[in-house]
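Shown next: query.csv, containing CSV, C-alpha atoms and all ligand atoms.
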```
chain,number,residue,atom,x,y,z
A,1,MET,CA,0.0,0.0,0.0
A,2,ASP,CA,1.1,3.5,-0.8
A,3,LYS,CA,2.7,5.5,2.0
A,4,LEU,CA,2.6,9.2,2.3
A,5,LYS,CA,6.2,10.5,2.4
A,6,ILE,CA,6.7,13.6,4.5
A,7,ALA,CA,9.9,15.6,4.6
A,8,ILE,CA,10.7,17.4,7.8
A,9,GLN,CA,13.8,19.3,9.0
A,10,LYS,CA,16.5,16.9,10.3
A,11,SER,CA,17.9,19.2,13.0
A,12,GLY,CA,17.1,22.8,13.6
A,13,ARG,CA,14.4,25.2,14.8
A,14,LEU,CA,11.5,23.3,13.1
A,15,SER,CA,12.5,19.7,13.9
A,16,GLU,CA,11.0,19.2,17.3
A,17,LYS,CA,7.8,21.1,16.5
A,18,SER,CA,7.3,19.2,13.3
A,19,LEU,CA,7.6,15.9,15.2
A,20,GLN,CA,5.3,17.2,17.9
A,21,LEU,CA,2.7,18.1,15.3
A,22,LEU,CA,2.7,14.6,13.9
A,23,SER,CA,2.5,13.2,17.5
A,24,GLU,CA,-0.5,15.5,18.2
A,25,CYS,CA,-2.1,14.0,15.0
A,26,GLY,CA,-1.8,10.6,16.7
A,27,ILE,CA,1.0,9.5,14.4
A,28,LYS,CA,3.6,7.4,16.2
A,29,ILE,CA,7.1,7.3,14.9
A,30,SER,CA,9.3,4.3,15.6
A,31,ASN,CA,12.8,6.0,15.7
A,32,GLY,CA,14.4,9.2,16.7
A,33,ASN,CA,15.5,11.5,13.9
A,34,ARG,CA,19.0,10.1,13.7
A,35,LYS,CA,18.3,8.2,10.5
A,36,LEU,CA,17.6,9.6,7.1
A,37,LYS,CA,14.2,8.1,7.1
A,38,THR,CA,11.8,6.2,9.3
A,39,GLU,CA,8.2,4.9,9.3
A,40,ALA,CA,5.1,5.7,11.3
A,41,LYS,CA,3.8,2.8,13.4
A,42,ASN,CA,0.1,3.4,13.0
A,43,PHE,CA,-0.3,5.5,9.8
A,44,PRO,CA,0.9,4.8,6.3
A,45,MET,CA,3.6,7.4,6.4
A,46,GLU,CA,7.3,7.5,5.8
A,47,ILE,CA,9.3,10.4,7.4
A,48,LEU,CA,12.4,11.8,5.6
A,49,PHE,CA,14.7,13.9,7.7
A,50,LEU,CA,16.3,16.6,5.5
A,51,ARG,CA,17.9,20.0,5.5
A,52,ASP,CA,15.1,22.5,5.2
A,53,ASP,CA,16.7,24.1,2.1
A,54,ASP,CA,16.3,20.8,0.2
A,55,ILE,CA,12.7,20.2,1.1
A,56,PRO,CA,11.1,22.3,-1.7
A,57,GLN,CA,13.1,20.5,-4.4
A,58,TYR,CA,12.3,17.0,-3.0
A,59,VAL,CA,8.6,17.8,-2.8
A,60,GLU,CA,8.6,19.2,-6.3
A,61,ASN,CA,10.2,16.1,-7.8
A,62,GLY,CA,8.2,13.7,-5.8
A,63,VAL,CA,10.9,12.2,-3.6
A,64,ALA,CA,8.7,13.4,-0.8
A,65,ASP,CA,4.9,13.9,-1.2
A,66,ILE,CA,4.6,16.6,1.4
A,67,GLY,CA,7.0,18.6,3.6
A,68,ILE,CA,7.1,20.9,6.6
A,69,LEU,CA,9.3,24.0,6.4
A,70,GLY,CA,9.4,27.8,6.8
A,71,GLU,CA,7.5,29.8,4.2
A,72,ASN,CA,10.7,31.8,3.8
A,73,GLU,CA,12.4,28.8,2.2
A,74,VAL,CA,9.4,28.0,0.1
A,75,TRP,CA,9.4,31.6,-1.4
A,76,GLU,CA,13.2,31.6,-1.9
A,77,LYS,CA,13.4,28.3,-3.6
A,78,GLU,CA,10.6,29.1,-6.0
A,79,LYS,CA,9.8,25.4,-6.7
A,80,ASP,CA,6.5,24.3,-8.2
A,81,VAL,CA,4.7,23.0,-5.0
A,82,ASP,CA,1.4,23.7,-3.3
A,83,GLU,CA,1.3,25.5,0.0
A,84,ILE,CA,-1.4,23.6,1.8
A,85,GLU,CA,-1.7,24.8,5.4
A,86,LYS,CA,0.0,27.3,7.7
A,87,LEU,CA,1.0,25.5,10.9
A,88,GLY,CA,1.3,28.2,13.5
A,89,PHE,CA,4.9,27.7,14.6
A,90,GLY,CA,8.3,28.8,13.5
A,91,ASN,CA,7.1,32.4,13.3
A,92,CYS,CA,9.7,35.0,12.2
A,93,ARG,CA,10.1,37.9,9.8
A,94,LEU,CA,12.6,38.7,7.1
A,95,SER,CA,14.0,42.1,7.8
A,96,LEU,CA,16.6,44.6,6.6
A,97,ALA,CA,19.1,45.7,9.2
A,98,ILE,CA,22.0,48.1,9.2
A,99,PRO,CA,24.8,49.0,11.6
A,100,LYS,CA,23.2,50.6,14.6
A,101,ASP,CA,25.1,54.0,14.4
A,102,GLU,CA,23.9,54.6,10.8
A,103,VAL,CA,21.2,57.2,10.3
A,104,TYR,CA,18.3,55.5,8.6
A,105,THR,CA,15.9,57.6,6.5
A,106,ASP,CA,13.7,55.4,4.3
A,107,LEU,CA,14.0,52.6,1.8
A,108,ASP,CA,16.0,54.9,-0.6
A,109,TYR,CA,18.8,54.6,2.0
A,110,PHE,CA,19.6,51.2,0.3
A,111,ASN,CA,20.1,52.7,-3.2
A,112,GLY,CA,23.5,51.6,-4.4
A,113,LYS,CA,24.2,49.7,-1.1
A,114,ARG,CA,25.5,46.1,-0.7
A,115,ILE,CA,23.2,43.8,1.2
A,116,ALA,CA,24.2,40.3,2.4
A,117,THR,CA,21.5,37.6,2.6
A,118,SER,CA,20.7,34.0,2.3
A,119,TYR,CA,17.4,35.0,0.5
A,120,PRO,CA,18.6,36.7,-2.7
A,121,LYS,CA,15.5,35.9,-4.7
A,122,ILE,CA,13.1,37.3,-2.2
A,123,LEU,CA,15.3,40.4,-1.8
A,124,LYS,CA,15.8,41.0,-5.5
A,125,LYS,CA,12.1,40.8,-6.1
A,126,TYR,CA,11.3,43.2,-3.3
A,127,PHE,CA,13.7,45.9,-4.4
A,128,GLY,CA,12.8,45.2,-8.1
A,129,VAL,CA,9.2,46.2,-7.4
A,130,LYS,CA,10.3,49.3,-5.4
A,131,GLY,CA,12.7,50.3,-8.2
A,132,ILE,CA,15.7,50.5,-5.9
A,133,ASP,CA,19.0,49.3,-7.1
A,134,VAL,CA,21.0,47.2,-4.6
A,135,LYS,CA,23.9,44.9,-4.9
A,136,ILE,CA,23.1,41.5,-3.3
A,137,GLU,CA,25.9,39.4,-1.7
A,138,GLU,CA,24.6,35.9,-1.3
A,139,LEU,CA,25.8,34.0,1.8
A,140,GLY,CA,24.9,30.5,3.0
A,141,GLY,CA,24.8,31.5,6.7
A,142,SER,CA,26.2,33.8,9.4
A,143,VAL,CA,24.8,36.8,7.5
A,144,GLU,CA,24.7,38.9,10.6
A,145,ILE,CA,28.5,39.3,10.6
A,146,ALA,CA,28.7,40.6,7.0
A,147,THR,CA,28.7,44.3,7.9
A,148,GLY,CA,31.3,43.9,10.6
A,149,ILE,CA,33.8,42.3,8.2
A,150,GLY,CA,33.1,44.9,5.5
A,151,LEU,CA,31.4,42.6,3.1
A,152,ALA,CA,28.1,44.5,3.0
A,153,ASP,CA,26.5,47.8,4.1
A,154,GLY,CA,23.4,46.0,5.4
A,155,ILE,CA,21.8,42.6,5.8
A,156,PHE,CA,18.5,40.9,4.9
A,157,ASP,CA,17.8,38.0,7.3
A,158,ILE,CA,15.4,36.2,9.6
A,159,VAL,CA,14.5,38.0,12.8
A,160,SER,CA,12.4,36.7,15.6
A,161,THR,CA,13.4,38.6,18.8
A,162,GLY,CA,16.1,40.8,17.3
A,163,SER,CA,18.7,39.7,19.9
A,164,THR,CA,21.1,38.3,17.3
A,165,LEU,CA,21.0,41.7,15.5
A,166,LEU,CA,21.8,43.6,18.7
A,167,MET,CA,24.7,41.3,19.5
A,168,ASN,CA,26.2,42.1,16.1
A,169,GLY,CA,25.8,45.8,16.4
A,170,LEU,CA,22.9,46.0,14.0
A,171,LYS,CA,19.4,47.5,14.1
A,172,GLU,CA,16.3,46.4,12.2
A,173,VAL,CA,15.1,49.1,9.9
A,174,GLU,CA,12.5,47.4,7.7
A,175,ALA,CA,10.4,44.3,8.4
A,176,ILE,CA,9.7,43.1,4.9
A,177,ILE,CA,7.6,39.9,5.2
A,178,LYS,CA,6.3,37.5,7.9
A,179,SER,CA,6.9,33.8,7.8
A,180,GLU,CA,5.7,30.7,9.6
A,181,ALA,CA,6.0,26.9,9.1
A,182,VAL,CA,3.8,25.5,6.4
A,183,LEU,CA,2.8,22.2,4.9
A,184,ILE,CA,3.6,22.0,1.3
A,185,ALA,CA,2.7,19.2,-1.2
A,186,ASN,CA,3.7,17.8,-4.5
A,187,LYS,CA,1.3,18.9,-7.3
A,188,ASN,CA,0.7,15.4,-8.7
A,189,ILE,CA,0.2,13.1,-5.8
A,190,ASN,CA,-2.0,10.0,-6.6
A,191,GLU,CA,-5.4,9.4,-5.2
A,192,THR,CA,-4.4,7.1,-2.4
A,193,LYS,CA,-1.8,9.6,-1.2
A,194,GLN,CA,-4.3,12.5,-1.5
A,195,GLN,CA,-6.7,10.6,0.8
A,196,LEU,CA,-3.9,10.1,3.3
A,197,LEU,CA,-3.1,13.8,3.0
A,198,ASP,CA,-6.7,14.7,3.6
A,199,ARG,CA,-6.8,12.5,6.7
A,200,LEU,CA,-3.6,14.2,8.0
A,201,LEU,CA,-5.0,17.6,7.3
A,202,PHE,CA,-8.2,16.8,9.1
A,203,ARG,CA,-6.2,16.0,12.2
A,204,ILE,CA,-3.9,19.0,11.8
A,205,ARG,CA,-6.9,21.4,11.6
A,206,ALA,CA,-8.6,19.8,14.6
A,207,TYR,CA,-5.4,20.3,16.6
A,208,LYS,CA,-4.9,23.9,15.4
A,209,ARG,CA,-8.5,24.8,16.3
A,210,GLY,CA,-8.0,23.2,19.7
A,211,ILE,CA,-4.9,25.1,20.6
A,212,GLY,CA,-6.6,28.3,19.5
A,213,SER,CA,-9.6,27.8,21.7
A,214,LYS,CA,-10.7,27.4,25.3
A,215,TYR,CA,-13.6,25.6,26.8
A,216,ILE,CA,-15.4,27.6,29.4
A,217,VAL,CA,-18.0,26.6,31.9
A,218,MET,CA,-19.8,28.9,34.4
A,219,ASN,CA,-22.8,29.1,36.7
A,220,ALA,CA,-25.3,32.0,36.4
A,221,PRO,CA,-28.8,33.0,37.6
A,222,ASN,CA,-31.3,32.3,34.8
A,223,LYS,CA,-32.1,35.9,34.4
A,224,SER,CA,-28.6,36.6,33.2
A,225,ILE,CA,-28.5,33.8,30.6
A,226,PRO,CA,-29.7,36.0,27.6
A,227,LYS,CA,-26.9,38.5,28.4
A,228,ILE,CA,-24.3,35.7,28.8
A,229,CYS,CA,-25.4,34.1,25.5
A,230,SER,CA,-24.9,37.4,23.7
A,231,ILE,CA,-21.3,37.6,25.0
A,232,LEU,CA,-20.4,34.1,24.2
A,233,PRO,CA,-19.9,33.3,20.5
A,234,GLY,CA,-19.7,29.4,20.9
A,235,MET,CA,-19.6,27.0,18.0
A,236,LYS,CA,-23.3,27.0,17.5
A,237,SER,CA,-24.6,28.6,20.6
A,238,PRO,CA,-23.7,28.0,24.3
A,239,SER,CA,-25.2,24.9,26.0
A,240,VAL,CA,-27.3,25.9,29.0
A,241,LEU,CA,-28.0,23.1,31.6
A,242,PRO,CA,-30.2,23.5,34.7
A,243,LEU,CA,-28.4,23.2,38.0
A,244,ALA,CA,-29.9,21.4,41.0
A,245,GLU,CA,-30.4,24.8,42.7
A,246,GLU,CA,-33.6,26.4,41.5
A,247,GLY,CA,-33.2,29.4,39.2
A,248,TRP,CA,-29.6,28.7,38.3
A,249,SER,CA,-28.0,27.2,35.2
A,250,SER,CA,-24.6,26.1,34.0
A,251,VAL,CA,-23.4,27.6,30.7
A,252,HIS,CA,-20.8,25.8,28.5
A,253,SER,CA,-19.1,27.4,25.5
A,254,VAL,CA,-15.9,27.6,23.4
A,255,VAL,CA,-14.0,30.9,23.2
A,256,GLN,CA,-11.2,31.8,20.9
A,257,GLU,CA,-7.9,32.3,22.6
A,258,ASP,CA,-7.4,35.9,21.3
A,259,GLN,CA,-10.8,37.0,22.6
A,260,PHE,CA,-10.6,35.1,25.8
A,261,TRP,CA,-9.8,37.8,28.4
A,262,ASP,CA,-12.3,40.3,26.9
A,263,VAL,CA,-15.0,37.6,27.2
A,264,ILE,CA,-14.1,36.9,30.8
A,265,ASP,CA,-14.2,40.6,31.7
A,266,ALA,CA,-17.6,40.9,30.1
A,267,LEU,CA,-18.9,37.8,31.9
A,268,LYS,CA,-17.9,39.0,35.3
A,269,ASP,CA,-20.1,42.1,34.7
A,270,VAL,CA,-23.2,39.9,34.2
A,271,GLU,CA,-23.1,37.8,37.3
A,272,ALA,CA,-21.4,34.7,35.9
A,273,GLN,CA,-19.8,32.8,38.7
A,274,GLY,CA,-17.3,30.0,39.2
A,275,ILE,CA,-15.9,30.3,35.7
A,276,LEU,CA,-13.8,27.3,34.7
A,277,VAL,CA,-11.4,27.4,31.8
A,278,MET,CA,-10.1,24.3,30.1
A,279,ASN,CA,-7.7,23.6,27.3
A,280,ILE,CA,-9.2,21.8,24.3
A,281,GLU,CA,-7.1,19.1,22.9
A,282,LYS,CA,-8.8,18.7,19.5
A,283,MET,CA,-11.8,20.3,17.9
A,284,ILE,CA,-13.7,18.6,15.1
A,285,LEU,CA,-16.3,20.8,13.3
A,301,LIG,P1,19.2,23.5,8.0
A,301,LIG,O1,20.4,22.8,8.5
A,301,LIG,O2,18.0,22.5,7.9
A,301,LIG,O3,19.4,24.1,6.6
A,301,LIG,P2,18.9,26.2,8.9
A,301,LIG,O4,20.1,26.6,9.7
A,301,LIG,O5,18.6,26.7,7.6
A,301,LIG,O6,18.8,24.6,9.0
A,301,LIG,P3,17.1,26.9,11.2
A,301,LIG,O7,18.0,28.0,11.8
A,301,LIG,O8,17.0,25.7,12.0
A,301,LIG,O9,17.5,26.6,9.7
A,301,LIG,O10,15.7,27.6,10.9
A,301,LIG,C1,14.7,26.9,10.3
A,301,LIG,C2,13.5,27.8,10.0
A,301,LIG,O11,13.0,28.2,11.3
A,301,LIG,C3,13.8,29.1,9.3
A,301,LIG,O12,13.9,28.9,7.9
A,301,LIG,C4,12.6,29.9,9.7
A,301,LIG,O13,11.5,29.6,8.9
A,301,LIG,C5,12.3,29.4,11.1
A,301,LIG,N1,12.7,30.4,12.2
A,301,LIG,C6,11.9,30.8,13.2
A,301,LIG,N2,12.5,31.7,14.0
A,301,LIG,C7,13.8,31.8,13.6
A,301,LIG,C8,14.9,32.5,14.0
A,301,LIG,N3,14.9,33.2,15.1
A,301,LIG,N4,16.1,32.3,13.3
A,301,LIG,C9,16.1,31.5,12.3
A,301,LIG,N5,15.0,30.8,11.8
A,301,LIG,C10,13.9,30.9,12.4
A,302,ZN,ZN,18.5,25.7,5.9
```
Could you write out this file's structure as structure tokens?
Amino acid sequence: MDKLKIAIQKSGRLSEKSLQLLSECGIKISNGNRKLKTEAKNFPMEILFLRDDDIPQYVENGVADIGILGENEVWEKEKDVDEIEKLGFGNCRLSLAIPKDEVYTDLDYFNGKRIATSYPKILKKYFGVKGIDVKIEELGGSVEIATGIGLADGIFDIVSTGSTLLMNGLKEVEAIIKSEAVLIANKNINETKQQLLDRLLFRIRAYKRGIGSKYIVMNAPNKSIPKICSILPGMKSPSVLPLAEEGWSSVHSVVQEDQFWDVIDALKDVEAQGILVMNIEKMIL
């Protein structure tokens, strides 16, 4: 039977999170990531451990059917693959940075300047659209030292907290694009593999919805229920169950993580009591 071949990063910032995602999807993997490839115990899946830079190519040519990597690498490699689903981890941005003592005006500052980067295609496209002429120095890594050694006037690189830039005497002057880990797929996978991919995606989406939501339960006097219902969005509408104590009910609902504290504040104002908040492991719509 066909197995779905997934490529994930062998060792690096996305490795652990990629394995954790598979595990949250109930997929058990027999070995650690020391080998080049391994098989899932309870799902028709083969896992290939690769450098993230190589994943777009392997997915394009079908050595792997799907892959997990940063969007930044997908954009840079410009391979013919489908971006299927954003995964909510590996968040970062690609930014322009210059030595911290330089006075920055606007993007025109970069006209005629040399910029070091591992993302030459993304950068060239960006400045091309803006009509600004820059000289791009392509580096495989350690881009942040390029200005210090006189190779470039500025850099274009991944930033998450900005501490690496600071340590190298640089300041971020333009955040160009945001990136996160994504699932990509080969454009011509067969029907069996497509069905496996659909099963995997179903699980990934249930997990993503779960971590983005909280289950809340509270008690309230019946007269407050209409107000509470108007505050709580819920999946359909809140469930309202009578309590043993006359005139009181228990209200159950799901709240999105980003609206959570606003909802709690509003509930306190309408006599909701004993509010319990629980994590949701998976959410199937
Ligand atoms: P490989 O050996 O696989 O080529 P790498 O050195 O290119 O590894 P990592 O540094 O492990 O890659 O980063 C992998 C991905 O993690 C990046 O392409 C990016 O999408 C994401 N990422 C998130 N935050 C950061 C960060 N602070 N620095 C670098 N990458 C980050
Ligand atoms: Zn890489």
Can you tell me, as a VMD selection string, what residues are no more than 10 Å from Leu196 in chain A when counting only C-alpha atoms, ignoring any on the same chain fewer than 2 positions away? chain A and resid 2 to 4 43 to 45 191 to 194 198 to 202
Using all atoms listed in the file, the shortest atom-to-atom distance to Ala181 in chain A among A:Lys125, A:Lys37, A:Lys86, A:Arg203 belongs to A:Lys86
Near range 208-210 of chain A, within 6 Å and counting all atoms listed in the file, which residues show up once chain neighbours fewer than 5 positions away are dropped, as an MDAnalysis selection string? chainID A and resid 280:283
Out of A:Asn186, A:Gly88, A:Gln195, A:Tyr104, which residue has the shortest atom-to-atom distance to Pro56 in chain A when counting only C-alpha atoms? A:Asn186
Selection as a PyMOL selection string: residues within 7 Å of ligand LIG 301 (chain A) by all atoms listed in the file: chain A and resi 9-14+50-53+69-73+90-92+158-161+179-181
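Closest approach to ligand ZN 302 (chain A) from the set A:Ser142, A:Ser239, A:Asn42, A:Ser18 is made by A:Ser142, with distances taken over all atoms listed in the file.
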What residues have an atom no more than 12 Å from (-6.7, 22.2, 21.2) in the file's own frame, counting only C-alpha atoms, and can you write them as a VMD selection string? chain A and resid 21 24 to 25 203 to 215 254 to 257 278 to 284
Save the residues we just selected, C-alpha atoms, as a short mmCIF file (atom, residue, chain, number, x, y, z; two decimals), in the coordinates of the input?
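Written out: again-v7.cif:
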```cif
data_model
loop_
_atom_site.label_atom_id
_atom_site.label_comp_id
_atom_site.auth_asym_id
_atom_site.auth_seq_id
_atom_site.Cartn_x
_atom_site.Cartn_y
_atom_site.Cartn_z
CA LEU A 21 2.70 18.10 15.30
CA GLU A 24 -0.50 15.50 18.20
CA CYS A 25 -2.10 14.00 15.00
CA ARG A 203 -6.20 16.00 12.20
CA ILE A 204 -3.90 19.00 11.80
CA ARG A 205 -6.90 21.40 11.60
CA ALA A 206 -8.60 19.80 14.60
CA TYR A 207 -5.40 20.30 16.60
CA LYS A 208 -4.90 23.90 15.40
CA ARG A 209 -8.50 24.80 16.30
CA GLY A 210 -8.00 23.20 19.70
CA ILE A 211 -4.90 25.10 20.60
CA GLY A 212 -6.60 28.30 19.50
CA SER A 213 -9.60 27.80 21.70
CA LYS A 214 -10.70 27.40 25.30
CA TYR A 215 -13.60 25.60 26.80
CA VAL A 254 -15.90 27.60 23.40
CA VAL A 255 -14.00 30.90 23.20
CA GLN A 256 -11.20 31.80 20.90
CA GLU A 257 -7.90 32.30 22.60
CA MET A 278 -10.10 24.30 30.10
CA ASN A 279 -7.70 23.60 27.30
CA ILE A 280 -9.20 21.80 24.30
CA GLU A 281 -7.10 19.10 22.90
CA LYS A 282 -8.80 18.70 19.50
CA MET A 283 -11.80 20.30 17.90
CA ILE A 284 -13.70 18.60 15.10
#
```
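Take the candidates A:Lys77, A:Lys113, A:Lys135, A:Lys41 and check each one against ligand ZN 302 (chain A) using all atoms listed in the file; the shortest distance goes to A:Lys77.
With distances taken over only C-alpha atoms and all ligand atoms, A:Leu139 is the one residue among A:Ser30, A:Ser23, A:Leu139, A:Phe89 lying closest to ligand ZN 302 (chain A).
CA of Glu102 in chain A to CA of Thr147 in chain A spans 11.7 Å [interatomic distance, one decimal].
With distances restricted to only C-alpha atoms and all ligand atoms, A:Ser118 is the closest residue to ligand ZN 302 (chain A) from A:Asn111, A:Val63, A:Gln57, A:Ser118.
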Calculate how many Å separate CA of Met1 in chain A from CA of Ala185 in chain A, rounding to one decimal. 19.4 Å
Can you pull out the residues contacting range 258-275 of chain A? Cut-off 6 Å, using only C-alpha atoms, and skip same-chain residues under 5 positions away; I want them as a list in words. Val217, Met218, Asn219 and Ala220 of chain A
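When CA of Lys130 in chain A is paired with CA of Asp108 in chain A, their separation reads 9.3 Å.
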